[in-house]
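Visitor: Contents are PDB, C-alpha atoms; file name coords.pdb:
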```pdb
ATOM      1  CA  GLN Z 179       7.830  13.878 -11.176
ATOM      2  CA  VAL Z 180       6.315  12.478  -8.013
ATOM      3  CA  GLN Z 181       8.164  10.958  -5.103
ATOM      4  CA  LEU Z 182       6.447   8.377  -2.933
ATOM      5  CA  VAL Z 183       7.729   7.540   0.537
ATOM      6  CA  GLU Z 184       6.400   4.581   2.510
ATOM      7  CA  SER Z 185       6.615   4.108   6.262
ATOM      8  CA  GLY Z 186       5.062   2.041   9.011
ATOM      9  CA  GLY Z 187       6.529  -1.378   8.362
ATOM     10  CA  GLY Z 188       8.047  -3.493  11.081
ATOM     11  CA  LEU Z 189       7.936  -6.743  13.001
ATOM     12  CA  VAL Z 190       4.624  -7.877  14.444
ATOM     13  CA  GLN Z 191       3.237 -11.105  15.831
ATOM     14  CA  ALA Z 192       0.562 -13.039  13.989
ATOM     15  CA  GLY Z 193      -2.842 -11.581  14.755
ATOM     16  CA  GLY Z 194      -1.434  -8.112  15.226
ATOM     17  CA  SER Z 195      -1.909  -4.909  13.253
ATOM     18  CA  LEU Z 196       0.169  -2.373  11.377
ATOM     19  CA  ARG Z 197      -0.666   0.778   9.448
ATOM     20  CA  LEU Z 198       1.427   1.646   6.439
ATOM     21  CA  SER Z 199       1.633   5.171   5.079
ATOM     22  CA  CYS Z 200       2.613   6.459   1.647
ATOM     23  CA  THR Z 201       3.220  10.185   1.340
ATOM     24  CA  ALA Z 202       3.416  11.830  -2.067
ATOM     25  CA  SER Z 203       5.571  14.845  -2.839
ATOM     26  CA  ARG Z 204       2.560  16.687  -4.226
ATOM     27  CA  ASN Z 205      -1.216  16.410  -4.268
ATOM     28  CA  ILE Z 206      -2.212  13.879  -6.880
ATOM     29  CA  PHE Z 207      -4.850  11.776  -5.185
ATOM     30  CA  ARG Z 208      -7.844  13.412  -6.757
ATOM     31  CA  LEU Z 209      -6.807  12.536 -10.273
ATOM     32  CA  ASN Z 210      -5.386   9.073 -10.283
ATOM     33  CA  LEU Z 211      -5.235   5.452  -9.281
ATOM     34  CA  MET Z 212      -3.118   4.450  -6.337
ATOM     35  CA  GLY Z 213      -2.421   1.194  -4.657
ATOM     36  CA  TRP Z 214      -0.329  -1.067  -2.491
ATOM     37  CA  TYR Z 215       1.641  -4.016  -3.805
ATOM     38  CA  ARG Z 216       3.836  -6.489  -1.996
ATOM     39  CA  GLN Z 217       6.681  -8.802  -2.817
ATOM     40  CA  ALA Z 218       7.778 -11.709  -0.688
ATOM     41  CA  PRO Z 219      11.210 -13.315  -1.125
ATOM     42  CA  GLY Z 220      11.294 -15.505  -4.218
ATOM     43  CA  LYS Z 221       7.847 -14.407  -5.342
ATOM     44  CA  GLN Z 222       6.489 -11.953  -7.874
ATOM     45  CA  ARG Z 223       5.158  -8.590  -6.848
ATOM     46  CA  GLU Z 224       1.417  -8.799  -6.305
ATOM     47  CA  LEU Z 225      -1.439  -6.364  -5.943
ATOM     48  CA  VAL Z 226      -2.745  -5.931  -2.418
ATOM     49  CA  ALA Z 227      -5.253  -3.092  -2.741
ATOM     50  CA  ILE Z 228      -6.108  -0.186  -4.992
ATOM     51  CA  ILE Z 229      -8.103   3.002  -4.585
ATOM     52  CA  THR Z 230      -9.412   5.341  -7.257
ATOM     53  CA  SER Z 231      -9.807   9.086  -7.177
ATOM     54  CA  GLY Z 232     -13.487   8.426  -6.536
ATOM     55  CA  SER Z 233     -12.540   6.359  -3.470
ATOM     56  CA  SER Z 234     -13.581   3.055  -4.995
ATOM     57  CA  THR Z 235     -11.476   0.240  -3.614
ATOM     58  CA  ASN Z 236     -10.508  -3.272  -4.569
ATOM     59  CA  TYR Z 237      -8.571  -5.900  -2.655
ATOM     60  CA  ALA Z 238      -6.753  -9.113  -3.271
ATOM     61  CA  ASP Z 239      -8.809 -12.060  -2.044
ATOM     62  CA  SER Z 240      -6.096 -12.951   0.449
ATOM     63  CA  VAL Z 241      -6.510  -9.653   2.344
ATOM     64  CA  LYS Z 242     -10.235  -8.939   2.006
ATOM     65  CA  GLY Z 243     -11.824  -8.236   5.344
ATOM     66  CA  ARG Z 244      -8.436  -7.715   7.019
ATOM     67  CA  PHE Z 245      -6.836  -4.793   5.154
ATOM     68  CA  THR Z 246      -8.272  -1.349   4.446
ATOM     69  CA  ILE Z 247      -6.884   1.183   1.965
ATOM     70  CA  SER Z 248      -7.651   4.876   2.377
ATOM     71  CA  THR Z 249      -6.337   8.327   1.553
ATOM     72  CA  ASP Z 250      -6.058  11.667   3.301
ATOM     73  CA  ASN Z 251      -5.950  14.238   0.535
ATOM     74  CA  ALA Z 252      -5.039  17.076   2.883
ATOM     75  CA  LYS Z 253      -1.892  15.184   3.886
ATOM     76  CA  ASN Z 254      -1.084  13.761   0.420
ATOM     77  CA  THR Z 255      -1.001  10.388   2.150
ATOM     78  CA  MET Z 256      -2.387   6.958   1.429
ATOM     79  CA  TYR Z 257      -2.744   4.333   4.135
ATOM     80  CA  LEU Z 258      -3.009   0.601   4.414
ATOM     81  CA  GLN Z 259      -4.485  -0.574   7.689
ATOM     82  CA  MET Z 260      -3.561  -4.212   8.144
ATOM     83  CA  ASN Z 261      -5.327  -6.249  10.811
ATOM     84  CA  THR Z 262      -5.209  -9.897  11.803
ATOM     85  CA  LEU Z 263      -1.828 -10.239  10.166
ATOM     86  CA  LYS Z 264      -0.586 -13.661   9.144
ATOM     87  CA  PRO Z 265       2.973 -14.898   8.521
ATOM     88  CA  GLU Z 266       2.136 -15.121   4.808
ATOM     89  CA  ASP Z 267       1.598 -11.355   4.796
ATOM     90  CA  SER Z 268       5.335 -10.908   5.335
ATOM     91  CA  ALA Z 269       6.778  -8.982   2.393
ATOM     92  CA  VAL Z 270       8.109  -5.667   1.237
ATOM     93  CA  TYR Z 271       5.118  -3.417   0.655
ATOM     94  CA  TYR Z 272       5.278  -0.859  -2.139
ATOM     95  CA  CYS Z 273       3.200   2.203  -2.796
ATOM     96  CA  ASN Z 274       2.146   2.637  -6.433
ATOM     97  CA  LEU Z 275       0.769   5.576  -8.382
ATOM     98  CA  ASN Z 276      -0.551   5.536 -11.940
ATOM     99  CA  LEU Z 277      -0.385   9.147 -13.080
ATOM    100  CA  GLY Z 278      -1.879   9.372 -16.546
ATOM    101  CA  GLY Z 279      -0.220   6.141 -17.581
ATOM    102  CA  ILE Z 280       3.107   6.906 -15.943
ATOM    103  CA  VAL Z 281       3.749   4.565 -13.044
ATOM    104  CA  TYR Z 282       5.623   5.581  -9.932
ATOM    105  CA  TRP Z 283       6.826   3.350  -7.110
ATOM    106  CA  GLY Z 284       8.042   3.982  -3.622
ATOM    107  CA  GLU Z 285      11.112   2.217  -2.289
ATOM    108  CA  GLY Z 286       9.098  -0.107  -0.091
ATOM    109  CA  THR Z 287       8.675  -0.854   3.586
ATOM    110  CA  LEU Z 288       9.311  -4.272   5.115
ATOM    111  CA  VAL Z 289       6.587  -6.078   7.022
ATOM    112  CA  THR Z 290       7.516  -9.193   8.951
ATOM    113  CA  VAL Z 291       4.855 -11.245  10.725
ATOM    114  CA  SER Z 292       6.120 -13.813  13.183
ATOM    115  CA  SER Z 293       4.155 -16.963  14.021
TER     116      SER Z 293
END
```
Show me this structure written as structure tokens.
Guide:
Amino acid sequence: QVQLVESGGGLVQAGGSLRLSCTASRNIFRLNLMGWYRQAPGKQRELVAIITSGSSTNYADSVKGRFTISTDNAKNTMYLQMNTLKPEDSAVYYCNLNLGGIVYWGEGTLVTVSS
């Protein structure tokens, strides 16, 4: 079992920045695929960014050039640096781990971007 805990959400004005964190209960980053997803009210959950154990990354087109995903293996923590935020980025952001085909989710952290 792995527990994932997100933090760093909040209210920010358009054009501002936030950094989300996802801390795992044990060191798993070297072996697996992790990512950030988000879900806005009335919409399906969507992929924001993923990172592999080899540090390869991929981003949704809507966030390319603005968001950066990274990990700190020593801290068992994954980050999502979000810059130039837009109101349409408002959503609950979830941390995701695919551990050998078993998928784990955090409880989410709310990001609200005001115009």
Visitor: Once the PyMOL selection byres ((chain Z and resi 228) around 8) has been applied to the shown file, what residues remain in the selection, as JSON, numbers by chain?
Guide: {"Z": [211, 212, 213, 214, 225, 226, 227, 229, 230, 235, 236, 237, 247]}
Visitor: Please save C-alpha atoms of the selected residues as a short mmCIF file (atom, residue, chain, number, x, y, z; two decimals), in the frame of the given file.
Guide:
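Result went into selection.cif, see below:
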```cif
data_model
loop_
_atom_site.label_atom_id
_atom_site.label_comp_id
_atom_site.auth_asym_id
_atom_site.auth_seq_id
_atom_site.Cartn_x
_atom_site.Cartn_y
_atom_site.Cartn_z
CA LEU Z 211 -5.24 5.45 -9.28
CA MET Z 212 -3.12 4.45 -6.34
CA GLY Z 213 -2.42 1.19 -4.66
CA TRP Z 214 -0.33 -1.07 -2.49
CA LEU Z 225 -1.44 -6.36 -5.94
CA VAL Z 226 -2.74 -5.93 -2.42
CA ALA Z 227 -5.25 -3.09 -2.74
CA ILE Z 229 -8.10 3.00 -4.58
CA THR Z 230 -9.41 5.34 -7.26
CA THR Z 235 -11.48 0.24 -3.61
CA ASN Z 236 -10.51 -3.27 -4.57
CA TYR Z 237 -8.57 -5.90 -2.66
CA ILE Z 247 -6.88 1.18 1.96
#
```
Visitor: The PyMOL selection byres ((chain Z and resi 281) around 12) on the file shown: which residues, as a short mmCIF file (atom, residue, chain, number, x, y, z; two decimals) with C-alpha atoms, in the frame of the given file?
Guide:
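Listed below is the output, result_28.cif:
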```cif
data_model
loop_
_atom_site.label_atom_id
_atom_site.label_comp_id
_atom_site.auth_asym_id
_atom_site.auth_seq_id
_atom_site.Cartn_x
_atom_site.Cartn_y
_atom_site.Cartn_z
CA GLN Z 179 7.83 13.88 -11.18
CA VAL Z 180 6.32 12.48 -8.01
CA GLN Z 181 8.16 10.96 -5.10
CA LEU Z 182 6.45 8.38 -2.93
CA ASN Z 210 -5.39 9.07 -10.28
CA LEU Z 211 -5.24 5.45 -9.28
CA MET Z 212 -3.12 4.45 -6.34
CA GLY Z 213 -2.42 1.19 -4.66
CA CYS Z 273 3.20 2.20 -2.80
CA ASN Z 274 2.15 2.64 -6.43
CA LEU Z 275 0.77 5.58 -8.38
CA ASN Z 276 -0.55 5.54 -11.94
CA LEU Z 277 -0.38 9.15 -13.08
CA GLY Z 278 -1.88 9.37 -16.55
CA GLY Z 279 -0.22 6.14 -17.58
CA ILE Z 280 3.11 6.91 -15.94
CA TYR Z 282 5.62 5.58 -9.93
CA TRP Z 283 6.83 3.35 -7.11
CA GLY Z 284 8.04 3.98 -3.62
#
```
Visitor: Please write as number ranges by chain the full residue list that the PyMOL selection byres ((chain Z and resi 219) around 12) yields on this file.
Guide: Z: 216-218, 220-224, 266-271, 288-290
Visitor: Show me the residues around (-1.6, -0.2, 11.8) - criterion: an atom at most 8 Å away, only C-alpha atoms counted - as a list in words.
Guide: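 Every polymer residue passing the test: Gly186, Ser195, Leu196, Arg197, Leu198, Leu258, Gln259, Met260 and Asn261 of chain Z.
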Visitor: Quick one: write out the picked residues with C-alpha atoms as a CSV table (one decimal), in the frame of the given file?
Guide:
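Written output follows (result-v7.csv):
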```csv
chain,number,residue,atom,x,y,z
Z,186,GLY,CA,5.1,2.0,9.0
Z,195,SER,CA,-1.9,-4.9,13.3
Z,196,LEU,CA,0.2,-2.4,11.4
Z,197,ARG,CA,-0.7,0.8,9.4
Z,198,LEU,CA,1.4,1.6,6.4
Z,258,LEU,CA,-3.0,0.6,4.4
Z,259,GLN,CA,-4.5,-0.6,7.7
Z,260,MET,CA,-3.6,-4.2,8.1
Z,261,ASN,CA,-5.3,-6.2,10.8
```
Visitor: In terms of the shortest atom-to-atom distance over only C-alpha atoms, which of Z:Gly194, Z:Tyr272, Z:Thr262, Z:Ser203 is closest to Z:Glu285?
Guide: Z:Tyr272
Visitor: May I ask for the distance between atom CA of Z:Gly286 and atom CA of Z:Glu184, given in Å to one decimal place?
Guide: 6.0 Å
Visitor: May I ask which of the residues Z:Thr249, Z:Ser233, Z:Thr255, Z:Thr287 is the closest one to Z:Gly187, counting all atoms listed in the file?
Guide: Z:Thr287
Visitor: Between Z:Leu189, Z:Val183, Z:Asn205, Z:Ser199, which is the closest to Z:Asn251 once you count only C-alpha atoms?
Guide: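 Looking at the shortest contact to Z:Asn251, the residue is Z:Asn205.
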Visitor: Tell me, in Å to one decimal, how far atom CA of Z:Ser240 is from atom CA of Z:Ala192.
Guide: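 Value for the atom CA of Z:Ser240-atom CA of Z:Ala192 distance: 15.1 Å.
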Visitor: Just the number, please: distance in Å from atom CA of Z:Tyr215 to atom CA of Z:Gly243, one decimal.
Guide: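 Interatomic distance, atom CA of Z:Tyr215 to atom CA of Z:Gly243: 16.8 Å.
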Visitor: Emit as lines of an AutoDock Vina configuration file the padded axis-aligned box for all listed atoms of stretch 269-274 of chain Z, 4 Å per side, with centre and edge lengths in Å to one decimal.
Guide:
```
center_x = 5.1
center_y = -3.2
center_z = -2.0
size_x = 14.0
size_y = 19.6
size_z = 16.8
```
Visitor: Find, counting only C-alpha atoms, the residue in Z:Lys264, Z:Arg204, Z:Lys253, Z:Arg244 that gets nearest to Z:Val291.
Guide: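 Ranking Z:Lys264, Z:Arg204, Z:Lys253, Z:Arg244 by distance to Z:Val291, first place goes to Z:Lys264.
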